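Engineer: This is target.cif, which holds mmCIF, C-alpha atoms:
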```
data_model
#
loop_
_atom_site.label_atom_id
_atom_site.label_comp_id
_atom_site.auth_asym_id
_atom_site.auth_seq_id
_atom_site.Cartn_x
_atom_site.Cartn_y
_atom_site.Cartn_z
CA MET A 763 -60.56 25.46 -7.39
CA LEU A 764 -57.37 25.36 -9.46
CA ASN A 765 -55.23 25.70 -6.34
CA ASP A 766 -56.43 22.23 -5.30
CA ILE A 767 -54.47 20.62 -8.11
CA TYR A 768 -51.27 22.55 -7.46
CA ASN A 769 -50.79 21.22 -3.94
CA LYS A 770 -47.51 20.96 -2.03
CA ARG A 771 -46.80 17.37 -3.13
CA ILE A 772 -47.34 18.22 -6.82
CA ILE A 773 -44.90 21.12 -6.49
CA GLU A 774 -42.37 18.86 -4.70
CA LEU A 775 -42.59 16.25 -7.46
CA ALA A 776 -42.30 18.90 -10.16
CA GLY A 777 -39.22 20.36 -8.49
CA ASN A 778 -37.42 17.02 -8.06
CA ILE A 779 -37.70 15.12 -11.32
CA PRO A 780 -35.36 12.10 -11.48
CA ARG A 781 -33.63 10.78 -14.61
CA ILE A 782 -33.44 14.14 -16.42
CA GLY A 783 -31.36 14.06 -19.58
CA ARG A 784 -30.87 11.72 -22.52
CA LEU A 785 -29.64 8.15 -22.92
CA ASP A 786 -26.60 7.55 -25.15
CA HIS A 787 -28.08 4.70 -27.17
CA PRO A 788 -31.80 4.34 -26.47
CA ASP A 789 -33.84 1.58 -28.07
CA ALA A 790 -36.46 4.27 -28.82
CA THR A 791 -37.15 7.95 -28.37
CA ALA A 792 -40.65 9.40 -28.26
CA THR A 793 -41.99 12.91 -27.90
CA ALA A 794 -45.45 13.90 -26.70
CA HIS A 795 -46.66 17.47 -27.09
CA SER A 796 -49.77 19.28 -25.95
CA LYS A 797 -50.93 21.83 -28.51
CA LEU A 798 -53.25 23.30 -25.90
CA CYS A 799 -50.58 24.39 -23.42
CA GLY A 800 -47.30 23.89 -25.29
CA SER A 801 -45.94 21.29 -22.87
CA THR A 802 -43.53 18.73 -24.32
CA VAL A 803 -42.01 15.56 -22.90
CA LYS A 804 -39.27 13.68 -24.79
CA ILE A 805 -38.31 10.27 -23.43
CA ASP A 806 -35.54 7.78 -24.18
CA LEU A 807 -36.20 4.14 -23.36
CA LYS A 808 -34.15 0.96 -23.22
CA MET A 809 -35.75 -2.43 -22.77
CA ASP A 810 -34.41 -5.85 -21.92
CA GLY A 811 -37.04 -8.14 -23.39
CA ASP A 812 -40.37 -6.91 -22.06
CA VAL A 813 -38.88 -4.96 -19.13
CA VAL A 814 -37.68 -1.34 -19.08
CA SER A 815 -33.96 -1.36 -18.28
CA ASP A 816 -33.20 2.37 -18.57
CA PHE A 817 -35.05 5.64 -18.99
CA ALA A 818 -34.30 9.33 -19.33
CA HIS A 819 -36.38 12.34 -20.30
CA GLU A 820 -36.48 16.03 -21.05
CA VAL A 821 -39.52 17.71 -19.58
CA LYS A 822 -40.70 21.14 -20.70
CA ALA A 823 -44.11 21.20 -19.11
CA CYS A 824 -46.29 22.78 -16.47
CA ALA A 825 -46.15 21.56 -12.87
CA LEU A 826 -48.69 18.81 -13.63
CA GLY A 827 -46.69 17.48 -16.58
CA GLN A 828 -43.57 17.69 -14.45
CA ALA A 829 -45.21 15.86 -11.55
CA SER A 830 -46.52 13.02 -13.71
CA SER A 831 -43.09 12.77 -15.39
CA SER A 832 -41.47 12.62 -11.96
CA ILE A 833 -43.74 9.74 -10.92
CA MET A 834 -43.02 7.92 -14.18
CA ALA A 835 -39.24 8.33 -13.84
CA SER A 836 -39.33 7.08 -10.25
CA HIS A 837 -40.97 3.76 -11.13
CA VAL A 838 -40.57 3.00 -14.86
CA VAL A 839 -37.33 0.99 -14.69
CA GLY A 840 -38.29 -2.62 -13.98
CA SER A 841 -41.82 -2.16 -15.32
CA THR A 842 -43.15 -4.29 -18.17
CA SER A 843 -44.65 -3.06 -21.42
CA SER A 844 -48.07 -4.48 -20.52
CA GLU A 845 -47.93 -2.80 -17.09
CA LEU A 846 -47.09 0.56 -18.68
CA ARG A 847 -49.86 0.29 -21.28
CA ALA A 848 -52.34 -0.56 -18.52
CA LEU A 849 -51.01 2.36 -16.47
CA ARG A 850 -51.55 4.82 -19.34
CA ASP A 851 -55.09 3.51 -19.83
CA SER A 852 -55.76 3.71 -16.08
CA VAL A 853 -54.58 7.33 -15.82
CA ARG A 854 -56.61 8.29 -18.89
CA LYS A 855 -59.73 6.66 -17.38
CA MET A 856 -59.02 8.33 -14.02
CA LEU A 857 -59.00 11.75 -15.70
CA LYS A 858 -61.68 11.32 -18.36
CA GLU A 859 -64.09 8.67 -17.05
CA ASN A 860 -63.96 9.03 -13.24
CA GLY A 861 -61.96 5.81 -13.00
CA ALA A 862 -60.03 4.82 -9.91
CA PRO A 863 -56.38 5.87 -9.70
CA PRO A 864 -53.69 3.21 -10.03
CA ASP A 865 -52.39 1.53 -6.89
CA GLY A 866 -49.23 -0.28 -5.84
CA LYS A 867 -45.99 1.41 -6.89
CA TRP A 868 -48.03 3.87 -9.00
CA ALA A 869 -50.22 5.03 -6.07
CA ASP A 870 -48.71 8.56 -6.15
CA ILE A 871 -50.71 9.15 -9.33
CA ALA A 872 -53.78 9.48 -7.09
CA MET A 873 -52.61 12.98 -6.19
CA LEU A 874 -53.31 13.92 -9.81
CA GLU A 875 -56.95 12.86 -9.49
CA PRO A 876 -58.22 16.45 -8.93
CA VAL A 877 -56.99 17.27 -12.46
CA ARG A 878 -60.08 15.38 -13.67
CA ASP A 879 -62.12 18.56 -13.13
CA TYR A 880 -59.81 20.63 -15.40
CA LYS A 881 -60.01 19.18 -18.92
CA ALA A 882 -57.48 21.71 -20.23
CA ARG A 883 -54.88 20.11 -17.92
CA HIS A 884 -55.48 16.49 -19.00
CA ALA A 885 -53.10 16.59 -21.99
CA SER A 886 -50.06 17.81 -20.04
CA THR A 887 -50.71 15.28 -17.29
CA LEU A 888 -50.85 12.41 -19.81
CA LEU A 889 -47.76 13.37 -21.86
CA THR A 890 -45.26 11.10 -20.13
CA PHE A 891 -47.60 8.10 -20.25
CA ASP A 892 -48.31 8.59 -23.96
CA ALA A 893 -44.61 9.00 -24.78
CA VAL A 894 -43.62 5.83 -22.92
CA VAL A 895 -46.29 3.76 -24.66
CA ASP A 896 -45.22 5.24 -28.01
CA ALA A 897 -41.58 4.25 -27.35
CA ILE A 898 -42.61 0.72 -26.34
CA GLY A 899 -44.55 0.42 -29.60
CA GLN A 900 -41.49 1.56 -31.57
CA ILE A 901 -39.28 -1.02 -29.86
CA GLU A 902 -41.78 -3.81 -30.47
CA ALA A 903 -42.11 -2.79 -34.14
CA GLN A 904 -38.33 -2.75 -34.57
CA ARG A 905 -38.04 -6.19 -33.04
CA ALA A 906 -40.87 -7.56 -35.16
CA GLY A 907 -39.22 -6.12 -38.27
CA ALA A 908 -35.85 -7.58 -37.32
CA GLY A 909 -37.44 -10.97 -36.72
CA ALA A 910 -39.25 -10.85 -40.07
CA SER A 911 -36.07 -10.06 -42.01
CA ALA A 912 -33.94 -12.65 -40.21
#
```
Would you write the structure of this file as structure tokens?
Structural biologist:
Amino acid sequence: MLNDIYNKRIIELAGNIPRIGRLDHPDATATAHSKLCGSTVKIDLKMDGDVVSDFAHEVKACALGQASSSIMASHVVGSTSSELRALRDSVRKMLKENGAPPDGKWADIAMLEPVRDYKARHASTLLTFDAVVDAIGQIEAQRAGAGASA
């Protein structure tokens, strides 16, 4: 039942999203959009080496997109690029392949596990993860380009 995915904790997360806004000078900006539902997440990311040093986002999404963005914003600073890529892959597998939810500091993502049964909601739930991985890729490409021209 759809009400199972819109539980009290999801609504709390959606209503209390940290790090809303934009960064003044991000290393990268990425936008992820779901054509299916119209949800959009735009993120700004700064990295110090391989570690996220700052993050901000604008979230125009349903409660599930808001909740996943809230979880991301709560834990992204201090995370490494490899950790965030693995996280995106783990959430995707959780939703699409009955994989286990992430654990550790990302354990709150388990509350999104019931979304697995609602394929139309997968895209909005994954937006923040896709945008962060996109931004990391941009930063790595910029650095590789700068190193090649130096």
Engineer: List the residues selected by the PyMOL selection byres ((chain A and resi 778) around 12) in the file shown, writing them as a PyMOL selection string.
Structural biologist: chain A and resi 771-777+779-782+821+825+828-833+835-836
Engineer: Residue by residue, what does the PyMOL selection byres ((chain A and resi 897) around 9) grab here? Present the result as a count of residues only.
Structural biologist: 18
Engineer: Any chance you could work out the residue set of the PyMOL selection byres ((chain A and resi 854) around 10) here, as a ChimeraX atom specification?
Structural biologist: /A:848-853,855-861,863,878,884-885,887-888,891-892
Engineer: In Å, how far is it from CA of Gln904 in chain A to CA of Thr890 in chain A?
Structural biologist: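 Between CA of Gln904 in chain A and CA of Thr890 in chain A the gap works out to 21.2 Å.
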Engineer: Just give me the gap between CA of Ala906 in chain A and CA of Ala794 in chain A in Å, one decimal is fine.
Structural biologist: 23.5 Å
Engineer: Record the distance separating CA of Val838 in chain A and CA of Lys822 in chain A, expressed in Å with one decimal.
Structural biologist: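 So the two atoms, CA of Val838 in chain A and CA of Lys822 in chain A, lie 19.1 Å apart.
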Engineer: Nearest to Asp810 in chain A: which of A:Lys881, A:Lys797, A:Arg905, A:Lys867 is it, counting all atoms listed in the file?
Structural biologist: A:Arg905
Engineer: Taking all atoms of range 794-802 of chain A that the file lists and extending 5 Å past them on each side, where is the centre of the axis-aligned box and how long are its edges? Answer in Å to one decimal, as JSON.
Structural biologist:
```
{"center_x": -48.4, "center_y": 19.1, "center_z": -25.7, "size_x": 19.7, "size_y": 20.5, "size_z": 15.6}
```
Engineer: Point out the residue among A:Val839, A:Ala869, A:Ala818, A:Ala882 with the least atom-to-atom distance to Pro788 in chain A, counting all atoms listed in the file.
Structural biologist: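 Result for the nearest residue to Pro788 in chain A: A:Ala818.
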Engineer: When distances are computed from all atoms listed in the file, which of A:Val877, A:Pro864, A:Ser815, A:Ala823 shows the smallest separation from Leu798 in chain A?
Structural biologist: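 Nearest to Leu798 in chain A: A:Ala823.
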